[in-house]
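One structure below.
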Amino acid sequence: MCRKLILSFFILLFLTDAAEATQFAYRVNFTDKNGTLTFSDSLTFLSPRAMARRNNFGIALDSTDLPVTRAYVDSVLVLTGGKFHAVSKWFNFCVILVNDSTQIHALSGKTFISSVQLVGYYTGTLHKWAHQKTNDLQAKTTSGAAYYGLTWPQTSIVNGNYLHDLGYKGQGKIIAVVDGGYIATNTHRGFDSMRTSGRLVDAHNFTNDTSWVFDYDNHGTEVLSTMAGYVPDTFVGSAPLASYALYVTEDAGEQPIELLNLVSGAERADSLGADVISSSLGYNTFDDPIYDYVFATDFDGKTTVVAKAANLATKKGILFVTSAGNEGNNSWQKILTPGDADSALTIGSVDVSGVNPTNSGYGPNAAGHIKPDVCGMGQNAAVFNSTDFSSTSGTSLSTPEIAGFATCLWQASPHSTPGQIRQAIRQCASRYTTPGNQIGYGIPNFQCAAQALNIVDTPTPGNGALLTLTPNPTSSDIVVTLRLQVSGVVDFRIVDATGRTVSSFSDHFLQGLNSPVAYNISKVPAGMYLLQVNSGAQQQVIKFVKN
């Protein structure tokens, strides 16, 4: 059974001409990236934080990091008269919208195009809901049940409070959330801490091509609240002091274009420098059954486009956390994709007693790998609704709960890889030696995971700059001024756009504000660089240009 309709240019359309309001969405796959930017330009398409993450884990840049060739996308738009919707550098495609399906014939025979796939059909204009307002991104002692309030059951069942008690609440980490909408996230008092402290760092709606994300659906609001909610003594999420990027990738129906939106969201998270992606979305069947997946052949952990995206995100140093799905008590029963992905940390659901509800999706994936990996408390989980506090159920809630605590664990062990964080969570779960098809490796114990990673100290304060660098650009010397919390040796590394260290040196500084110190870098070739500074207690990365 074929679920992915790759359309030949010779049998491209079985559809009749559409009315002006109708839109067809096509995925256009390119053959190469000839003429795109080079690795030496990487700081123009990857943030310093994204480059620092790669360098930290020794991840080399590759072709998937290079942007799609802009001339190819422009040609597609000119030839078809279509509207740009999305682009993927990881998989080298763009998505366009056309009002008349025959417009796509204009791409026939173009040597830079390998294939075209119909991925969506809309009886109205897809981007018509685009909100014209801008996002409000500017500013405006843990213990037990009393401190956490409504979230104590979902926190204590995994010993997440152990990490918070040590001071690890997600500071300095970025969690990207992909979902259907975030109604009232810009007004709900439970998100005041995130908003007023500037920890909402990015937002984009990939469905409607707008920066406005605060409408459409409250599912994302509920998901986000389990991590970012922070009202001490009432409601404390699993990563209450992390920073967040909010991405909308869903629309009202079930069409393949939504999976491509998710890919775009994951790529933007990578370029931003996000540490964790939390996805409470899953797919198996679609409005048009021709696209439906077959578990035995498609859910092997590496076949669907979103499973590939989850695996690739992990290779780029991101922890990808996703839900097992809520199909356990219907005819499908199994996990959804990208929950089947080999590298994903896939989350099922339990109730407060640690028992799986009947609807939590079953593993393993089609390749026999244990899925879900672990389970969190998704049954009657505490969440925000549009105005107050509430509760709801599903793996959609257990997933961000675990994603948040995993973020705090990673904050406490910053040199661990995503795979090491995932393994520590799994090996400290309640059923690690006797995994099951619905419980996976069991319920995590984040105290055990922290101890497995040798985490004993309190975290580095995230506030306050470590240093300034002048002049920038420079031709010979860089002058650094440091403010240290503790006296000691400070290590400096100059890293080029490919992640290669071109110079390194160390020096001793005193606690507090130090006098400016000049370092000669005249032997460093001209170009754009990152200065990575590590005092042991503080770290900072600054981009600069050497003339």
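Chain labels run A, B, ... following the order of the structure tokens; each chain numbers its residues from 1, and ligands are numbered from 1 in the order shown.
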
Point to revise | Long-range neighbours of segment 200-207 of chain A as a list in words, 7 Å cut-off, only C-alpha atoms, 4 positions minimum in chain | key: Leu137, Met194, Arg195, Ser211, Trp212, Val213, Ser243, Tyr244, Ala245, Leu246, Tyr247, Val248, Thr249, Glu250, Asp251 and Asn261 of chain A

Sort by chain and increasing residue number a table of all residues of segment 412-471 of chain A within 12 Å of segment 401-407 of chain A, each with its closest pair of atoms and their distance in Å to one decimal, counting only C-alpha atoms, and write it as CSV.
residue,atom,partner,partner_atom,distance
A:Ala412,CA,A:Thr407,CA,8.7
A:Ser413,CA,A:Thr407,CA,9.8
A:Pro414,CA,A:Thr407,CA,9.9
A:Ser416,CA,A:Thr407,CA,11.6
A:Thr417,CA,A:Ala406,CA,11.9
A:Pro418,CA,A:Ala406,CA,9.7
A:Gly419,CA,A:Ala406,CA,11.6
A:Gln420,CA,A:Ala406,CA,11.0
A:Ile421,CA,A:Ala406,CA,7.2
A:Arg422,CA,A:Ala406,CA,8.1
A:Gln423,CA,A:Ala406,CA,11.0
A:Ala424,CA,A:Ala406,CA,9.8
A:Ile425,CA,A:Ala406,CA,7.8
A:Arg426,CA,A:Ala406,CA,11.1
A:Ile443,CA,A:Ile402,CA,10.0
A:Pro444,CA,A:Ile402,CA,8.5
A:Asn445,CA,A:Phe405,CA,10.2
A:Phe446,CA,A:Phe405,CA,7.6
A:Gln447,CA,A:Phe405,CA,10.6
A:Ala449,CA,A:Ala406,CA,9.5
A:Ala450,CA,A:Ala406,CA,10.1

Check your understanding: Hey, what does DSSP flag as strand (DSSP E or B) within segment 57-251 of chain A? Can you give it to me as a count of residues only?
Key -> 46

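Between atom CA of Ile478 of chain A and atom CA of Gln539 of chain A lies a distance of 17.9 Å.
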
Review point. Neighbours of Gln255 of chain A within 7 Å (only C-alpha atoms; same-chain residues fewer than 4 positions away dropped), as a PyMOL selection string?
Key: chain A and resi 119-120+286-287

Any chance you can output those residues with C-alpha atoms as a tab-separated table (two decimals), in the first residue's frame?
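Result saved to out.tsv:
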chain	number	residue	atom	x	y	z
A	119	VAL	CA	1.01	17.17	0.69
A	120	GLY	CA	-2.12	19.23	1.34
A	286	PHE	CA	-4.61	11.17	7.33
A	287	ASP	CA	-7.78	12.71	5.95

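Counting only C-alpha atoms, the residue from A:Thr226, A:Gly160, A:Ser271, A:Ile175 that sits nearest to Pro67 of chain A is A:Ser271.
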
**Study point:** Within 6 Å of segment 344-356 of chain A using only C-alpha atoms, minus same-chain residues under 5 positions, as a ChimeraX atom specification
**Key:** /A:320-324,339,372-379,395,398-399

Just the selected residues (C-alpha atoms), exported as a PDB file, in the first residue's frame, please.
ATOM      1  CA  PHE A 320      14.243  15.248  20.935  1.00  0.00           C
ATOM      2  CA  VAL A 321      11.421  14.310  23.322  1.00  0.00           C
ATOM      3  CA  THR A 322       8.127  13.130  21.829  1.00  0.00           C
ATOM      4  CA  SER A 323       4.913  11.374  22.772  1.00  0.00           C
ATOM      5  CA  ALA A 324       3.957   7.745  22.323  1.00  0.00           C
ATOM      6  CA  GLY A 339       7.596   8.403  18.615  1.00  0.00           C
ATOM      7  CA  PRO A 372       8.026   4.140  24.731  1.00  0.00           C
ATOM      8  CA  ASP A 373      11.332   4.784  26.456  1.00  0.00           C
ATOM      9  CA  VAL A 374       9.749   5.843  29.756  1.00  0.00           C
ATOM     10  CA  CYS A 375       6.427   7.134  31.118  1.00  0.00           C
ATOM     11  CA  GLY A 376       5.401  10.247  33.029  1.00  0.00           C
ATOM     12  CA  MET A 377       2.159  11.140  34.764  1.00  0.00           C
ATOM     13  CA  GLY A 378      -0.160  12.020  31.899  1.00  0.00           C
ATOM     14  CA  GLN A 379      -3.390  10.940  33.547  1.00  0.00           C
ATOM     15  CA  THR A 395       0.809  11.445  26.592  1.00  0.00           C
ATOM     16  CA  SER A 398       3.607  13.415  30.228  1.00  0.00           C
ATOM     17  CA  THR A 399       5.928  14.268  27.326  1.00  0.00           C
TER      18      THR A 399
END

Point to revise | Distance query Thr38 of chain A at most 9 Å, only C-alpha atoms, self and fewer than 3 positions along chain excluded, as a PyMOL selection string | key: chain A and resi 35+41-42+66-67

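Atom CA of Thr196 of chain A to atom CA of Ala242 of chain A spans 13.1 Å [interatomic distance, one decimal].
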
Review point. Counting only C-alpha atoms, which of A:Gln540, A:Thr358, A:Asn547, A:Gln438 gets nearest to Pro473 of chain A?
Key: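 For Pro473 of chain A, the nearest of the given residues is A:Asn547.
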
Practice item. Compile the contact shell of Ile335 of chain A as an MDAnalysis selection string: residues with an atom at most 10 Å away, counting only C-alpha atoms, same-chain residues fewer than 2 positions apart removed. Key: chainID A and resid 282:284 295 299 323:328 332:333 337:340 346:348 360:366 371:372 437:438

Practice item. As a count of residues only, please: all residues of segment 1-223 of chain A that backbone DSSP puts in helix (DSSP H, G or I). Key: 67

**Study point:** Selection: 8 Å around Met528 of chain A, only C-alpha atoms, excl. self and same-chain fewer than 4 positions, as a PyMOL selection string
**Key:** chain A and resi 43+496-497+543-546
